[in-house]
Each structure stands twice: as C-alpha cells, then as structure tokens.
>>> print(open('run_0.cif').read())   # mmCIF, C-alpha atoms
data_structure
#
loop_
_atom_site.group_PDB
_atom_site.id
_atom_site.type_symbol
_atom_site.label_atom_id
_atom_site.label_comp_id
_atom_site.auth_asym_id
_atom_site.auth_seq_id
_atom_site.Cartn_x
_atom_site.Cartn_y
_atom_site.Cartn_z
ATOM 1 C CA MET A 437 -216.721 145.797 80.760
ATOM 2 C CA GLU A 438 -215.371 144.279 83.997
ATOM 3 C CA ALA A 439 -218.915 143.634 85.203
ATOM 4 C CA LEU A 440 -219.779 141.956 81.902
ATOM 5 C CA LYS A 441 -216.698 139.719 82.109
ATOM 6 C CA GLN A 442 -217.620 138.711 85.645
ATOM 7 C CA GLU A 443 -221.190 138.026 84.534
ATOM 8 C CA LEU A 444 -219.933 135.867 81.656
ATOM 9 C CA LYS A 445 -217.766 133.778 83.960
ATOM 10 C CA GLU A 446 -220.728 133.157 86.247
ATOM 11 C CA LYS A 447 -222.998 132.258 83.335
ATOM 12 C CA ILE A 448 -220.454 129.904 81.757
ATOM 13 C CA ILE A 449 -219.957 127.992 85.006
ATOM 14 C CA ASP A 450 -223.716 127.766 85.484
ATOM 15 C CA VAL A 451 -224.852 127.025 81.912
ATOM 16 C CA LEU A 452 -222.050 124.567 81.146
ATOM 17 C CA ASN A 453 -222.200 122.827 84.558
ATOM 18 C CA LEU A 454 -218.521 123.423 85.327
ATOM 19 C CA GLU A 455 -218.969 122.377 88.951
ATOM 20 C CA ASP A 456 -215.273 121.785 89.552
ATOM 21 C CA ILE A 457 -214.212 125.249 88.380
ATOM 22 C CA LYS A 458 -214.252 128.338 90.586
ATOM 23 C CA LEU A 459 -214.928 131.836 89.322
ATOM 24 C CA GLU A 460 -211.476 133.095 90.267
ATOM 25 C CA GLU A 461 -209.821 130.285 88.310
ATOM 26 C CA ILE A 462 -210.992 131.716 84.993
ATOM 27 C CA ASN A 463 -208.691 134.445 83.713
ATOM 28 C CA ASP A 464 -209.934 136.927 81.133
ATOM 29 C CA ASN A 465 -207.520 135.708 78.469
ATOM 30 C CA ASP A 466 -207.615 131.965 79.184
ATOM 31 C CA ALA A 467 -208.525 129.821 76.181
ATOM 32 C CA LEU A 468 -212.080 128.571 76.620
ATOM 33 C CA PHE A 469 -211.511 125.575 74.345
ATOM 34 C CA GLY A 470 -208.578 123.184 74.050
ATOM 35 C CA ASP A 471 -206.012 123.486 76.793
ATOM 36 C CA GLY A 472 -207.826 126.230 78.699
ATOM 37 C CA LEU A 473 -211.194 125.439 80.209
ATOM 38 C CA GLY A 474 -211.407 122.365 77.981
ATOM 39 C CA LEU A 475 -214.875 123.100 76.601
ATOM 40 C CA ASP A 476 -216.190 120.845 73.822
ATOM 41 C CA SER A 477 -218.359 121.192 70.714
ATOM 42 C CA ILE A 478 -221.649 120.838 72.631
ATOM 43 C CA ASP A 479 -220.471 123.615 74.958
ATOM 44 C CA ALA A 480 -219.855 125.784 71.891
ATOM 45 C CA LEU A 481 -223.456 125.249 70.771
ATOM 46 C CA GLU A 482 -224.655 126.037 74.275
ATOM 47 C CA LEU A 483 -222.694 129.330 74.224
ATOM 48 C CA ILE A 484 -224.345 130.244 70.909
ATOM 49 C CA VAL A 485 -227.763 129.685 72.538
ATOM 50 C CA MET A 486 -226.668 131.777 75.535
ATOM 51 C CA LEU A 487 -225.682 134.712 73.289
ATOM 52 C CA ASP A 488 -229.126 134.606 71.692
ATOM 53 C CA LYS A 489 -231.108 134.105 74.901
ATOM 54 C CA ASP A 490 -229.320 136.540 77.191
ATOM 55 C CA TYR A 491 -227.928 139.171 74.833
ATOM 56 C CA GLY A 492 -230.146 138.975 71.725
ATOM 57 C CA ILE A 493 -227.210 138.104 69.481
ATOM 58 C CA LYS A 494 -227.846 135.563 66.731
ATOM 59 C CA LEU A 495 -224.705 134.052 65.242
ATOM 60 C CA VAL A 496 -225.509 133.300 61.611
ATOM 61 C CA ASP A 497 -222.068 131.974 60.743
ATOM 62 C CA PRO A 498 -220.875 129.298 63.226
ATOM 63 C CA LYS A 499 -217.297 129.949 62.085
ATOM 64 C CA GLU A 500 -217.514 133.315 63.839
ATOM 65 C CA GLY A 501 -217.653 131.403 67.106
ATOM 66 C CA LYS A 502 -214.011 130.420 66.830
ATOM 67 C CA VAL A 503 -212.964 134.054 67.201
ATOM 68 C CA ILE A 504 -215.736 135.214 69.537
ATOM 69 C CA PHE A 505 -215.380 132.316 71.990
ATOM 70 C CA LYS A 506 -211.599 132.453 72.170
ATOM 71 C CA SER A 507 -211.654 133.854 75.712
ATOM 72 C CA ILE A 508 -213.786 135.782 78.181
ATOM 73 C CA GLU A 509 -212.080 138.953 76.889
ATOM 74 C CA THR A 510 -213.108 138.345 73.256
ATOM 75 C CA MET A 511 -216.623 137.270 74.231
ATOM 76 C CA ALA A 512 -217.171 140.365 76.343
ATOM 77 C CA ALA A 513 -215.869 142.661 73.583
ATOM 78 C CA TYR A 514 -218.171 141.072 70.996
ATOM 79 C CA ILE A 515 -221.215 141.224 73.270
ATOM 80 C CA LYS A 516 -220.533 144.880 74.127
ATOM 81 C CA GLU A 517 -220.494 145.781 70.423
ATOM 82 C CA ASN A 518 -223.427 143.664 69.291
ATOM 83 C CA ARG A 519 -225.871 143.155 72.142
ATOM 84 C CA ALA A 520 -229.570 143.764 71.491
ATOM 85 C CA LYS A 521 -230.611 143.333 75.113
ATOM 86 C CA MET B 1266 -222.731 77.041 70.773
ATOM 87 C CA VAL B 1267 -221.639 75.442 74.040
ATOM 88 C CA GLU B 1268 -223.622 76.725 76.997
ATOM 89 C CA ASN B 1269 -221.347 77.122 79.975
ATOM 90 C CA LYS B 1270 -222.237 78.283 83.445
ATOM 91 C CA THR B 1271 -221.907 81.996 84.045
ATOM 92 C CA TYR B 1272 -221.367 83.884 87.278
ATOM 93 C CA ILE B 1273 -222.218 87.187 88.925
ATOM 94 C CA GLN B 1274 -218.890 88.711 89.952
ATOM 95 C CA SER B 1275 -220.242 91.811 91.648
ATOM 96 C CA PHE B 1276 -223.475 93.760 91.975
ATOM 97 C CA CYS B 1277 -224.821 96.992 93.371
ATOM 98 C CA THR B 1278 -228.102 98.785 93.940
ATOM 99 C CA ILE B 1279 -228.696 102.528 94.012
ATOM 100 C CA GLN B 1280 -232.030 103.778 95.297
ATOM 101 C CA ASN B 1281 -233.553 105.964 98.018
ATOM 102 C CA ASN B 1282 -230.365 108.004 98.505
ATOM 103 C CA GLU B 1283 -228.334 104.893 99.232
ATOM 104 C CA ILE B 1284 -225.716 102.789 97.450
ATOM 105 C CA ILE B 1285 -225.503 99.118 98.337
ATOM 106 C CA LEU B 1286 -222.552 97.080 97.084
ATOM 107 C CA GLU B 1287 -222.596 93.277 97.434
ATOM 108 C CA GLY B 1288 -225.395 93.632 99.974
ATOM 109 C CA ALA B 1289 -223.629 96.177 102.190
ATOM 110 C CA SER B 1290 -224.550 99.854 102.411
ATOM 111 C CA ILE B 1291 -221.523 101.909 101.371
ATOM 112 C CA PHE B 1292 -223.080 105.358 101.021
ATOM 113 C CA LYS B 1293 -226.275 106.854 102.355
ATOM 114 C CA LEU B 1294 -227.781 110.323 102.683
ATOM 115 C CA GLU B 1295 -230.869 111.692 104.337
ATOM 116 C CA PRO B 1296 -233.677 112.306 101.805
ATOM 117 C CA THR B 1297 -232.530 114.828 99.217
ATOM 118 C CA LEU B 1298 -232.795 115.553 95.502
ATOM 119 C CA PHE B 1299 -231.036 113.177 93.122
ATOM 120 C CA SER B 1300 -228.797 116.005 91.869
ATOM 121 C CA ASP B 1301 -227.500 116.477 95.417
ATOM 122 C CA PHE B 1302 -227.257 112.750 96.161
ATOM 123 C CA SER B 1303 -225.399 111.983 92.925
ATOM 124 C CA LYS B 1304 -222.976 114.894 93.406
ATOM 125 C CA LYS B 1305 -222.143 113.854 96.950
ATOM 126 C CA ALA B 1306 -221.713 110.204 95.907
ATOM 127 C CA TYR B 1307 -219.366 111.324 93.114
ATOM 128 C CA GLN B 1308 -217.357 113.363 95.615
ATOM 129 C CA ASN B 1309 -217.392 110.633 98.254
ATOM 130 C CA PHE B 1310 -215.896 108.057 95.888
ATOM 131 C CA GLU B 1311 -213.453 110.628 94.411
ATOM 132 C CA MET B 1312 -214.411 109.825 90.854
ATOM 133 C CA ASN B 1313 -212.567 112.808 89.404
ATOM 134 C CA TYR B 1314 -214.380 113.017 86.076
ATOM 135 C CA PRO B 1315 -215.767 116.567 85.546
ATOM 136 C CA LYS B 1316 -217.916 115.476 82.596
ATOM 137 C CA PHE B 1317 -220.114 113.760 85.194
ATOM 138 C CA PHE B 1318 -221.705 117.139 85.977
ATOM 139 C CA LYS B 1319 -222.795 117.602 82.368
ATOM 140 C CA MET B 1320 -224.703 114.309 82.287
ATOM 141 C CA ASP B 1321 -228.441 113.944 82.697
ATOM 142 C CA SER B 1322 -229.809 112.080 85.715
ATOM 143 C CA LEU B 1323 -230.149 108.725 83.937
ATOM 144 C CA SER B 1324 -226.525 108.823 82.813
ATOM 145 C CA LYS B 1325 -225.356 109.894 86.279
ATOM 146 C CA LEU B 1326 -227.221 106.963 87.808
ATOM 147 C CA ALA B 1327 -225.762 104.445 85.350
ATOM 148 C CA PHE B 1328 -222.308 106.030 85.608
ATOM 149 C CA LEU B 1329 -222.213 105.811 89.421
ATOM 150 C CA GLY B 1330 -223.081 102.108 89.356
ATOM 151 C CA ALA B 1331 -220.623 101.332 86.571
ATOM 152 C CA GLU B 1332 -217.850 103.160 88.410
ATOM 153 C CA LEU B 1333 -218.274 100.943 91.446
ATOM 154 C CA LEU B 1334 -218.311 97.691 89.475
ATOM 155 C CA LEU B 1335 -215.694 98.435 86.823
ATOM 156 C CA LYS B 1336 -213.081 100.330 88.829
ATOM 157 C CA ASN B 1337 -211.210 97.174 89.773
ATOM 158 C CA GLU B 1338 -211.300 95.607 86.328
ATOM 159 C CA ASN B 1339 -207.919 95.474 84.628
ATOM 160 C CA SER B 1340 -207.604 97.741 81.633
ATOM 161 C CA GLU B 1341 -206.730 94.977 79.167
ATOM 162 C CA SER B 1342 -209.964 93.165 79.865
ATOM 163 C CA LYS B 1343 -212.006 96.367 79.918
ATOM 164 C CA GLU B 1344 -210.769 97.697 76.611
ATOM 165 C CA ASN B 1345 -212.137 94.992 74.415
ATOM 166 C CA ASN B 1346 -214.416 92.587 76.109
ATOM 167 C CA THR B 1347 -216.824 93.987 78.678
ATOM 168 C CA ALA B 1348 -220.178 94.334 76.961
ATOM 169 C CA LEU B 1349 -222.921 96.598 78.291
ATOM 170 C CA LEU B 1350 -226.498 95.333 78.556
ATOM 171 C CA PHE B 1351 -228.908 97.811 80.112
ATOM 172 C CA ALA B 1352 -232.654 98.291 80.322
ATOM 173 C CA ASN B 1353 -235.309 100.415 81.980
ATOM 174 C CA ASN B 1354 -238.967 101.398 81.870
ATOM 175 C CA SER B 1355 -238.931 105.153 81.262
ATOM 176 C CA SER B 1356 -236.284 105.322 78.566
ATOM 177 C CA SER B 1357 -234.923 108.912 78.588
ATOM 178 C CA LEU B 1358 -238.355 110.405 79.326
ATOM 179 C CA ASP B 1359 -237.145 112.568 82.219
ATOM 180 C CA THR B 1360 -234.754 114.411 79.919
ATOM 181 C CA ASP B 1361 -237.210 114.318 76.996
ATOM 182 C CA VAL B 1362 -239.717 116.242 79.122
ATOM 183 C CA LYS B 1363 -237.076 118.797 80.148
ATOM 184 C CA TYR B 1364 -236.135 119.302 76.511
ATOM 185 C CA GLN B 1365 -239.782 119.581 75.446
ATOM 186 C CA ASN B 1366 -240.308 122.273 78.076
ATOM 187 C CA SER B 1367 -237.440 124.279 76.583
ATOM 188 C CA ILE B 1368 -239.088 124.366 73.148
ATOM 189 C CA SER B 1369 -242.797 124.484 73.994
ATOM 190 C CA ASP B 1370 -243.104 128.287 74.148
ATOM 191 C CA PRO B 1371 -242.589 129.950 70.730
ATOM 192 C CA GLU B 1372 -241.834 133.247 72.525
ATOM 193 C CA ASN B 1373 -239.134 131.635 74.598
ATOM 194 C CA TYR B 1374 -237.726 129.072 72.190
ATOM 195 C CA PHE B 1375 -234.189 128.210 73.249
ATOM 196 C CA PRO B 1376 -233.512 124.489 72.727
ATOM 197 C CA SER B 1377 -230.507 123.379 74.735
ATOM 198 C CA PRO B 1378 -227.973 121.294 72.771
ATOM 199 C CA ALA B 1379 -226.547 119.974 76.039
ATOM 200 C CA VAL B 1380 -229.965 118.647 77.090
ATOM 201 C CA PHE B 1381 -230.845 117.385 73.608
ATOM 202 C CA VAL B 1382 -227.854 115.031 73.443
ATOM 203 C CA TYR B 1383 -229.314 113.060 76.366
ATOM 204 C CA THR B 1384 -232.728 112.482 74.780
ATOM 205 C CA LEU B 1385 -231.907 108.810 74.117
ATOM 206 C CA PRO B 1386 -231.505 106.181 76.855
ATOM 207 C CA ASN B 1387 -228.454 104.503 75.346
ATOM 208 C CA ILE B 1388 -226.393 107.689 75.742
ATOM 209 C CA CYS B 1389 -225.593 106.438 79.247
ATOM 210 C CA LEU B 1390 -223.867 103.445 77.654
ATOM 211 C CA GLY B 1391 -221.746 105.833 75.626
ATOM 212 C CA GLU B 1392 -220.752 107.717 78.773
ATOM 213 C CA ILE B 1393 -219.663 104.478 80.471
ATOM 214 C CA SER B 1394 -217.843 103.316 77.336
ATOM 215 C CA ILE B 1395 -215.917 106.594 77.076
ATOM 216 C CA ARG B 1396 -214.979 106.551 80.736
ATOM 217 C CA HIS B 1397 -213.770 102.922 80.697
ATOM 218 C CA GLN B 1398 -212.550 102.893 77.094
ATOM 219 C CA LEU B 1399 -214.915 100.120 76.085
ATOM 220 C CA LYS B 1400 -215.243 99.317 72.403
ATOM 221 C CA SER B 1401 -217.591 96.450 73.007
ATOM 222 C CA GLU B 1402 -221.127 95.289 72.295
ATOM 223 C CA ASN B 1403 -223.781 97.440 73.947
ATOM 224 C CA SER B 1404 -227.561 97.400 73.990
ATOM 225 C CA PHE B 1405 -230.292 99.251 75.830
ATOM 226 C CA PHE B 1406 -233.791 97.751 76.047
ATOM 227 C CA ILE B 1407 -237.093 99.120 77.294
ATOM 228 C CA PHE B 1408 -239.243 96.825 79.448
ATOM 229 C CA GLU B 1409 -242.249 97.319 81.682
ATOM 230 C CA THR B 1410 -240.289 95.922 84.625
ATOM 231 C CA PHE B 1411 -236.875 94.362 85.305
ATOM 232 C CA ASN B 1412 -236.714 91.299 83.045
ATOM 233 C CA PRO B 1413 -234.123 88.873 84.446
ATOM 234 C CA VAL B 1414 -235.018 86.084 81.980
ATOM 235 C CA PHE B 1415 -234.255 88.233 78.958
ATOM 236 C CA MET B 1416 -231.189 89.815 80.549
ATOM 237 C CA ALA B 1417 -229.728 86.480 81.639
ATOM 238 C CA ASN B 1418 -230.278 84.891 78.228
ATOM 239 C CA TYR B 1419 -228.783 87.850 76.396
ATOM 240 C CA ALA B 1420 -225.749 88.009 78.684
ATOM 241 C CA LYS B 1421 -225.171 84.243 78.366
ATOM 242 C CA ILE B 1422 -225.316 84.443 74.563
ATOM 243 C CA LEU B 1423 -222.727 87.229 74.582
ATOM 244 C CA LEU B 1424 -220.419 85.202 76.819
ATOM 245 C CA ASN B 1425 -220.935 81.767 75.254
ATOM 246 C CA SER B 1426 -220.472 83.079 71.728
ATOM 247 C CA ASN B 1427 -217.291 84.864 72.861
ATOM 248 C CA LYS B 1428 -218.703 88.239 71.865
ATOM 249 C CA ALA B 1429 -217.710 89.394 75.321
ATOM 250 C CA GLU B 1430 -215.493 88.293 78.175
ATOM 251 C CA LYS B 1431 -217.739 89.952 80.745
ATOM 252 C CA VAL B 1432 -221.117 91.663 80.590
ATOM 253 C CA LEU B 1433 -222.091 94.615 82.744
ATOM 254 C CA CYS B 1434 -225.859 94.300 83.054
ATOM 255 C CA GLY B 1435 -228.065 96.984 84.484
ATOM 256 C CA TRP B 1436 -231.585 98.087 85.225
ATOM 257 C CA VAL B 1437 -231.337 101.872 85.396
ATOM 258 C CA GLU B 1438 -234.691 103.523 85.861
ATOM 259 C CA TYR B 1439 -235.063 107.270 86.392
ATOM 260 C CA TYR B 1440 -238.081 109.533 86.081
ATOM 261 C CA ASP B 1441 -238.909 112.674 88.014
ATOM 262 C CA GLU B 1442 -236.766 111.974 91.087
ATOM 263 C CA GLU B 1443 -237.880 108.337 91.293
ATOM 264 C CA TYR B 1444 -234.955 106.070 90.572
ATOM 265 C CA LYS B 1445 -233.485 102.634 90.946
ATOM 266 C CA ALA B 1446 -230.310 101.146 89.537
ATOM 267 C CA PHE B 1447 -229.394 97.487 89.848
ATOM 268 C CA LEU B 1448 -226.125 96.679 88.125
ATOM 269 C CA TYR B 1449 -224.234 93.406 88.053
ATOM 270 C CA LEU B 1450 -221.157 92.126 86.311
ATOM 271 C CA VAL B 1451 -221.472 88.695 84.681
ATOM 272 C CA ALA B 1452 -218.450 86.602 83.733
ATOM 273 C CA LYS B 1453 -217.433 83.042 82.892
ATOM 274 C CA GLU B 1454 -215.860 82.582 86.315
ATOM 275 C CA GLY B 1455 -216.846 83.449 89.841
ATOM 276 C CA ASN B 1456 -218.500 82.195 92.995
ATOM 277 C CA LEU B 1457 -222.111 83.315 92.674
ATOM 278 C CA GLU B 1458 -223.912 81.485 89.891
ATOM 279 C CA HIS B 1459 -225.727 83.699 87.394
ATOM 280 C CA LYS B 1460 -229.279 82.490 87.943
ATOM 281 C CA ILE B 1461 -232.626 84.181 87.427
ATOM 282 C CA GLU B 1462 -233.683 83.516 91.029
ATOM 283 C CA THR B 1463 -230.511 85.178 92.321
ATOM 284 C CA LEU B 1464 -231.071 88.208 90.120
ATOM 285 C CA LEU B 1465 -234.663 88.545 91.294
ATOM 286 C CA THR B 1466 -233.664 88.146 94.949
ATOM 287 C CA GLU B 1467 -230.953 90.795 94.756
ATOM 288 C CA TYR B 1468 -233.085 93.154 92.630
ATOM 289 C CA ASN B 1469 -235.956 93.010 95.109
ATOM 290 C CA LYS B 1470 -233.843 93.643 98.208
#
>>> encode(input="run_0.cif", output="structure tokens")
Amino acid sequence: MEALKQELKEKIIDVLNLEDIKLEEINDNDALFGDGLGLDSIDALELIVMLDKDYGIKLVDPKEGKVIFKSIETMAAYIKENRAK
Amino acid sequence: MVENKTYIQSFCTIQNNEIILEGASIFKLEPTLFSDFSKKAYQNFEMNYPKFFKMDSLSKLAFLGAELLLKNENSESKENNTALLFANNSSSLDTDVKYQNSISDPENYFPSPAVFVYTLPNICLGEISIRHQLKSENSFFIFETFNPVFMANYAKILLNSNKAEKVLCGWVEYYDEEYKAFLYLVAKEGNLEHKIETLLTEYNK
C-alpha cells in the first residue's frame, strides 16, 4: 500500500504537470481538490484516464470520482480493491 | 469614426531561445528544447503562476510575451479595456498532432483531456485573459505570414471605436520546436507611432 501511494504521488505530479510541487509535500490525507493540491476539473478527467490506462479501472459513474479522488489514501485504497492490471 | 494616430507602447520578440524586449536581449539560453527554454524563462522572471506548466507550447509562448508587456499595466486599465489580437500560421497544429497521436491506436486509446483543451489556437487568449483578468475583445486569426496591414487596421478600429483602450497584438507561431512570437501593445498615446513599416522592421529583426 505504501509503495502504491508513493507511485500515485509520482504519477500525479508527472501526469498533471505539477512542476512546483515536490513529492514530499503531498501527504496521504491531503485534499487533492479545493484547498489541498488545488486540482481542477480537467485534472479530474485526467485522473480518470490514468485509472483506466495504468490500472485497468473504468469509472462508469463520474460521481464516484468525488469519493475516490478525495486524497492519495482514498485513491490507493480504491485502486487496491479494483485494479485489473 | 474619427481616425486618430495610434502608438506602439512596448514590444517584444521571442525566438531562438532568446527574449528581446524593446530591442534589447533580456534572456537567452544556449540551444535547448522549448519546454526547457520556456520553463527557465518563467523561473527567471519569477512569474509565479503554476498553471503555466499545464499549458501547451503555443499558450506558453503567448503567455511569456504577454507577461512581459502587461505586467506594468495598471489593473483598472487591464480589467476592461485591453483587447487581444493574435494570429499565426500553424494554428494549434502542434497540439492537434499530439492529441491525434494519443487516439490513433485503437489498442492504446487514451485521449488526454488536458491535451484536448488546447486543440484550438485561441485558448492562449483565454490563458492571458484569465491571468490578467481581461474581459475584453479578443480574436485569433490564421495567416500564411505575419500580416501587419490587417493587424494594424484591426487594432486601429478597436481603438478608434472605443472598443478598447489598448490592444495587445501578437504573432505567435509554434510548430514542432520552431517558434516565433512578436507581441506589441498598441495604445492611443505613446512615442513610437503605430505604422506598418515599424511593425515590419521590428518583426524582421
């Protein structure tokens, strides 16, 4: 689980071009949207693509994203339960 | 409509890893990729706007030029009356090709929303407008080459009809690491008259 969380942090910085943010600045329970990392709606779509591409998870209901993408902790837990690759 | 004289208040050129403002080189790197050049220019001028890194190359190019010319404008003037008038040759083709590559293989079909949003050239005008809180006229045209006659006429109409107090004009061309930006701010007052010959001279430098 720790390795997955680390991997997610690296992927998020890379995929979302968060050049000004360092790996160690992202805490497992930080909010990814809003006051936390400040991601926006396009970032949310990009995370949905990332789940599909890297973990074989297709989100059919976009509303699910609100819960899944709450933090690195929630993302990692969801991926662990649902990953197809 | 009364046709008054208009003036070029400031201008800059970005090409070949160099930024030239009012004829003077203010930033230059040894040959490198545009991604590296644009990042280092952003850092050098302490622009402090993380969304810059999410932009495509065309928007980064336009954004860098606009930053240099609009940073000293007072906010009252910027908010309402600085129109944007841009043009280029390749539209958003550089990003269009990148996006096409991401959807060309049915076995590896992962279209990127973040790339898709830049598959229009006028998105760069939106980025500048957001940054400088402009709610003004904006247009992006496609021409074979820099067209100072059209640009000058259009800018003068905007100013003389009071649609805008100033017009940020720009040729921002980017395709496959080849790029050139020539931006200039036109207003009703200034020292350098807004003439086609002047535009051509400065563009060709």
>>> interface_residues(input="run_0.cif", of="chain A", to="chain B", cutoff="7 Å", atoms="only C-alpha atoms", output="NGL selection string")
:A and (453 or 455-456 or 478 or 481-482 or 485 or 489)
>>> atom_distance(input="run_0.cif", atom1="atom CA of B:Asp1359", atom2="atom CA of B:Asp1441")
6.1 Å
>>> residues_around(input="run_0.cif", residues="stretch 497-504 of chain A", least_positions_apart="3", cutoff="8 Å", atoms="all atoms listed in the file", output="NGL selection string")
:A and (480 or 484 or 507 or 510-511 or 514)
>>> atom_distance(input="run_0.cif", atom1="atom CA of B:Thr1360", atom2="atom CA of B:Tyr1383")
6.6 Å
>>> atom_distance(input="run_0.cif", atom1="atom CA of B:Ser1324", atom2="atom CA of B:Pro1386")
8.2 Å
>>> residues_around(input="run_0.cif", residues="stretch 437-442 of chain A", least_positions_apart="3", cutoff="8 Å", atoms="all atoms listed in the file", output="CSV table (one decimal) with C-alpha atoms, keeping the file's coordinate frame")
chain,number,residue,atom,x,y,z
A,445,LYS,CA,-217.8,133.8,84.0
A,446,GLU,CA,-220.7,133.2,86.2
A,464,ASP,CA,-209.9,136.9,81.1
A,508,ILE,CA,-213.8,135.8,78.2
A,509,GLU,CA,-212.1,139.0,76.9
A,512,ALA,CA,-217.2,140.4,76.3
A,513,ALA,CA,-215.9,142.7,73.6
A,516,LYS,CA,-220.5,144.9,74.1
>>> resolve_selection(input="run_0.cif", expression="the PyMOL selection byres ((chain B and resi 1406-1411) around 12)", output="MDAnalysis selection string")
chainID B and resid 1349:1358 1385:1387 1390 1403:1405 1412:1417 1419 1434:1438 1445:1448 1461 1464:1469
>>> closest_residue(input="run_0.cif", among="A:Asn518, A:Met486, A:Leu475, A:Phe469", to="A:Lys506", atoms="all atoms listed in the file")
A:Phe469
>>> resolve_selection(input="run_0.cif", expression="the PyMOL selection byres ((chain B and resi 1299) around 9)", output="PyMOL selection string")
chain B and resi 1282+1297-1298+1300-1304+1322+1442-1444
>>> residues_around(input="run_0.cif", residues="B:Asn1425", least_positions_apart="2", cutoff="12 Å", atoms="all atoms listed in the file", output="ChimeraX atom specification")
/B:1266-1271,1417-1423,1427-1432,1451-1453
>>> closest_residue(input="run_0.cif", among="B:Phe1276, B:Lys1400, B:Ile1284, B:Lys1460", to="B:Asn1346", atoms="all atoms listed in the file")
B:Lys1400
